Amino acid sequence: MIKDKIQHLAGDIFNEVVGFRQHIHANPELSFKEFKTSQYIQDQLSAWGIPFTTMANTGVVGLITGDLPSDNVIALRADIDALPILEANDKPYASKNPGVMHACGHDVHTSSLLGTAYILNSMRAEFGGTVKLIFQPAEELLPGGASIMIAEGVLENPKPQHIVGQHVMPLIDTGKVGFRSGIYMASTDELYVTVTGKGGHGAQPHQNIDPVLISAHIIVALQQIVSRNADPRLPTVLSFGKVIANGATNIIPNEVKIEGTFRTLNEQWRKEALALMKKMAEGMAESMGGSCEFRIANGYPFLINEEKLTASARGFAVDYLGEENVVDLDIWMAAEDFAYYSQVTDACFYRLGTGNVAKETTYSVHHPRFDADEDALRTSTGLMAYIALKQLGN
């Protein structure tokens with residue numbers, strides 16, 4: 001059976017995949033700078049005789065074509081970049097690059113896809129169709145590597161009918177995976193606000209225009225857009241995480257800088273809300289004697305899992321892992337640039353459980369102590385290979 005063969009090969013490659021993961025984890029690189037990581041991937045594909053091309057500078061795209069006749073094509077995606085975080089883990093494979101860390105599991109995604117590539121390449125004589133392996137840079141930084149790779153033709157020549165990706169989830173136990181059909185993850189936009197007034201002595205507020213007070217009113221008022229303008233049935237998040245006034249106890253500064261994020265699950269409302277926020281902030285600042293520059297850095301769209309593909313992939317996961325190891329997911333207000341793929345082709349983005357209390361791998365992604373239970377690599381490599389081959393019609 002195809003499942004038995006895949007599980008056997010996944011076991012054969014497991015220790016090597018762990019080695020891939022630990023090497024990548026120890027040598028993290030920031031978005032758009034993943035030059036050594038890219039070369040590492042290329043070297044491994046070359047060693048297995050898997051043809052590949054490069055795009056978006058550090059992106060790698062491999063092709064594995066089965067020997068049996070079929071025109072079907074499926075793409076599998078992993079992201080390869082790390083985050084600007086100082087790692088707090090004391091492990092032999094901890095980051096050797098201070099201030100840079102694989103805190104979002106991209107080392108797991110990349111090593112997993114390499115393991116999947118090994119399995120599929122070993123089974124070429126037993127399947128028909130083509131698997132496109134997408135090792136994508138810069139998921140963590142706007143405009144997102146996915147948008148660049150799509151623009152450079154990653155979904156052409158050959159054109160996949162489906163694309164599948166996976167992402168670690170420390171809230172799910174190792175050995176389990178999670179699926180959600182339909183809209184799954186939020187859009188994300190970055191907000192950069194500069195409020196300008198007239199600085200001066202804190203004891204003479206009547207002679208100044210206080211940008212700190214104006215900013216406080218703006219931050220509070222903008223939440224009204226969520227509570228009174230958004231459909232209460234539509235998840236919407238507005239958060240400000242950075243406010244810099246840079247005055248002193250008795251100094252009113254000339255300006256205040258504010259940074260935040262806006263996330264939702266509807267593109268029309270997203271557009272309307274951003275326009276409302278800009279209008280409200282600028283109008284409020286003007287009404288209080290100051291001015292406001294409200295800059296929006298448009299980020300990723302919402303991520304949608306195509307229903308038929310996701311149902312199939314979930315069914316294949318049940319076949320491979322057992323019903324007890326496949327869970328259903330709720331919407332997730334984080335964002336992912338895999339969303340770009342989901343906007344242009346049938347896509348399925350599922351979650352790989354990496355949580356293990358005993359191994360202390362339940363810290364959230366983007367936490368300096370994030371780590372993954374490497375036993376999850378037994379699940380990830382084989383499952384993705386199984387989904388790919390079954391979806392190709394084998």
# chains A, B, ... in the order shown; residues from 1 in each chain; ligands from 1
>>> residues_around(residues="Asn250 of chain A", least_positions_apart="3", cutoff="9 Å", atoms="only C-alpha atoms", output="PyMOL selection string")
chain A and resi 200-203+247
>>> residues_around(residues="Asp12 of chain A", least_positions_apart="2", cutoff="12 Å", atoms="only C-alpha atoms", output="JSON, numbers by chain")
{"A": [5, 6, 7, 8, 9, 10, 14, 15, 16, 17, 18, 115, 116, 118, 119, 122, 377, 378, 381, 382]}
>>> residues_around(residues="Glu336 of chain A", least_positions_apart="4", cutoff="9 Å", atoms="only C-alpha atoms", output="list in words")
Glu139, Glu140, Gly144, Met185, Ala186, Ser187, Thr188, Tyr300, Pro301, Phe302, Leu303 and Tyr340 of chain A
>>> write_last_selection(atoms="N, CA and C atoms", output="PDB file, in the first residue's frame")
ATOM      1  N   GLU A 139       8.373  35.143   4.499  1.00  0.00           N
ATOM      2  CA  GLU A 139       6.963  35.144   4.911  1.00  0.00           C
ATOM      3  C   GLU A 139       6.704  36.198   5.972  1.00  0.00           C
ATOM      4  N   GLU A 140       7.748  36.531   6.738  1.00  0.00           N
ATOM      5  CA  GLU A 140       7.574  37.380   7.909  1.00  0.00           C
ATOM      6  C   GLU A 140       7.633  38.882   7.620  1.00  0.00           C
ATOM      7  N   GLY A 144       5.921  40.248   1.571  1.00  0.00           N
ATOM      8  CA  GLY A 144       5.756  38.798   1.621  1.00  0.00           C
ATOM      9  C   GLY A 144       6.356  38.114   0.418  1.00  0.00           C
ATOM     10  N   MET A 185      -7.548  32.389   8.096  1.00  0.00           N
ATOM     11  CA  MET A 185      -6.682  33.366   8.729  1.00  0.00           C
ATOM     12  C   MET A 185      -6.981  34.776   8.226  1.00  0.00           C
ATOM     13  N   ALA A 186      -6.599  35.759   9.018  1.00  0.00           N
ATOM     14  CA  ALA A 186      -7.008  37.143   8.773  1.00  0.00           C
ATOM     15  C   ALA A 186      -6.088  37.864   7.793  1.00  0.00           C
ATOM     16  N   SER A 187      -6.644  38.917   7.216  1.00  0.00           N
ATOM     17  CA  SER A 187      -5.802  39.884   6.510  1.00  0.00           C
ATOM     18  C   SER A 187      -5.009  40.654   7.559  1.00  0.00           C
ATOM     19  N   THR A 188      -3.969  41.336   7.132  1.00  0.00           N
ATOM     20  CA  THR A 188      -3.194  42.131   8.077  1.00  0.00           C
ATOM     21  C   THR A 188      -2.664  43.376   7.401  1.00  0.00           C
ATOM     22  N   TYR A 300      -1.026  41.250   3.992  1.00  0.00           N
ATOM     23  CA  TYR A 300      -1.526  40.055   3.330  1.00  0.00           C
ATOM     24  C   TYR A 300      -3.054  40.022   3.332  1.00  0.00           C
ATOM     25  N   PRO A 301      -3.656  39.417   2.324  1.00  0.00           N
ATOM     26  CA  PRO A 301      -5.117  39.246   2.336  1.00  0.00           C
ATOM     27  C   PRO A 301      -5.503  38.118   3.297  1.00  0.00           C
ATOM     28  N   PHE A 302      -6.812  37.904   3.445  1.00  0.00           N
ATOM     29  CA  PHE A 302      -7.235  36.782   4.293  1.00  0.00           C
ATOM     30  C   PHE A 302      -6.944  35.472   3.559  1.00  0.00           C
ATOM     31  N   LEU A 303      -6.787  34.423   4.355  1.00  0.00           N
ATOM     32  CA  LEU A 303      -6.441  33.105   3.819  1.00  0.00           C
ATOM     33  C   LEU A 303      -7.696  32.246   3.780  1.00  0.00           C
ATOM     34  N   TYR A 340      -1.768  34.651  -0.193  1.00  0.00           N
ATOM     35  CA  TYR A 340      -1.664  35.067  -1.593  1.00  0.00           C
ATOM     36  C   TYR A 340      -1.915  33.889  -2.539  1.00  0.00           C
TER      37      TYR A 340
END
>>> residues_around(residues="segment 311-315 of chain A", least_positions_apart="4", cutoff="10 Å", atoms="only C-alpha atoms", output="PyMOL selection string")
chain A and resi 164+177-181+305-307+319-323+326-328+348-350+383-384+386-388+390-391
>>> closest_residue(among="A:Asp4, A:Gly66, A:Leu141, A:Met280", to="Phe32 of chain A", atoms="only C-alpha atoms")
A:Leu141
>>> decode(residues="segment 277-360 of chain A", atoms="C-alpha atoms", output="short mmCIF file (atom, residue, chain, number, x, y, z; two decimals), in the first residue's frame")
data_model
loop_
_atom_site.label_atom_id
_atom_site.label_comp_id
_atom_site.auth_asym_id
_atom_site.auth_seq_id
_atom_site.Cartn_x
_atom_site.Cartn_y
_atom_site.Cartn_z
CA MET A 277 -9.57 55.10 10.56
CA LYS A 278 -7.55 57.50 8.45
CA LYS A 279 -10.41 60.00 8.24
CA MET A 280 -11.14 59.82 11.98
CA ALA A 281 -7.51 60.19 13.08
CA GLU A 282 -6.78 63.09 10.77
CA GLY A 283 -10.03 64.87 11.65
CA MET A 284 -9.55 64.43 15.38
CA ALA A 285 -5.99 65.77 15.28
CA GLU A 286 -7.10 68.79 13.26
CA SER A 287 -10.01 69.50 15.61
CA MET A 288 -7.55 69.63 18.53
CA GLY A 289 -5.16 71.99 16.75
CA GLY A 290 -2.61 69.45 15.54
CA SER A 291 -2.10 67.32 12.47
CA CYS A 292 -1.88 63.61 11.76
CA GLU A 293 -0.11 61.58 9.10
CA PHE A 294 -1.84 58.21 8.89
CA ARG A 295 0.15 55.78 6.75
CA ILE A 296 -1.18 52.32 5.90
CA ALA A 297 1.17 49.55 4.82
CA ASN A 298 -1.18 47.07 3.19
CA GLY A 299 -0.29 43.54 4.13
CA TYR A 300 -1.53 40.06 3.33
CA PRO A 301 -5.12 39.25 2.34
CA PHE A 302 -7.24 36.78 4.29
CA LEU A 303 -6.44 33.10 3.82
CA ILE A 304 -9.15 30.82 2.47
CA ASN A 305 -8.97 27.03 2.39
CA GLU A 306 -10.84 25.76 -0.66
CA GLU A 307 -13.58 23.51 0.65
CA LYS A 308 -13.27 20.51 -1.65
CA LEU A 309 -9.48 20.35 -1.46
CA THR A 310 -9.50 20.81 2.32
CA ALA A 311 -12.11 18.11 2.79
CA SER A 312 -10.00 15.74 0.69
CA ALA A 313 -6.80 16.61 2.54
CA ARG A 314 -8.51 16.15 5.89
CA GLY A 315 -9.78 12.77 4.75
CA PHE A 316 -6.31 11.73 3.65
CA ALA A 317 -4.97 12.83 7.05
CA VAL A 318 -7.55 10.61 8.74
CA ASP A 319 -6.44 7.72 6.51
CA TYR A 320 -2.80 8.32 7.36
CA LEU A 321 -2.97 9.25 11.06
CA GLY A 322 -6.33 7.99 12.30
CA GLU A 323 -9.47 9.97 13.12
CA GLU A 324 -8.33 10.61 16.69
CA ASN A 325 -5.29 12.53 15.44
CA VAL A 326 -7.12 14.98 13.18
CA VAL A 327 -8.81 17.98 14.80
CA ASP A 328 -10.98 20.81 13.52
CA LEU A 329 -9.70 24.38 13.84
CA ASP A 330 -11.38 27.67 14.61
CA ILE A 331 -10.54 30.87 12.72
CA TRP A 332 -7.12 32.30 13.55
CA MET A 333 -6.60 36.08 13.55
CA ALA A 334 -2.91 35.79 12.80
CA ALA A 335 -1.87 36.33 9.19
CA GLU A 336 0.20 34.35 6.69
CA ASP A 337 1.38 35.22 3.21
CA PHE A 338 0.28 31.75 2.08
CA ALA A 339 -2.96 33.71 1.72
CA TYR A 340 -1.66 35.07 -1.59
CA TYR A 341 -1.60 31.55 -3.03
CA SER A 342 -5.10 30.92 -1.70
CA GLN A 343 -6.39 33.97 -3.57
CA VAL A 344 -5.27 32.66 -6.98
CA THR A 345 -5.55 28.86 -6.81
CA ASP A 346 -7.19 26.13 -4.74
CA ALA A 347 -5.29 25.99 -1.46
CA CYS A 348 -5.21 24.10 1.81
CA PHE A 349 -3.20 25.33 4.80
CA TYR A 350 -3.28 23.01 7.80
CA ARG A 351 -1.68 22.91 11.24
CA LEU A 352 1.00 20.50 12.46
CA GLY A 353 0.91 19.75 16.17
CA THR A 354 4.28 20.31 17.87
CA GLY A 355 3.20 20.71 21.49
CA ASN A 356 4.64 18.52 24.22
CA VAL A 357 4.46 19.70 27.86
CA ALA A 358 7.23 17.36 29.01
CA LYS A 359 9.58 18.68 26.32
CA GLU A 360 8.56 22.31 26.96
#
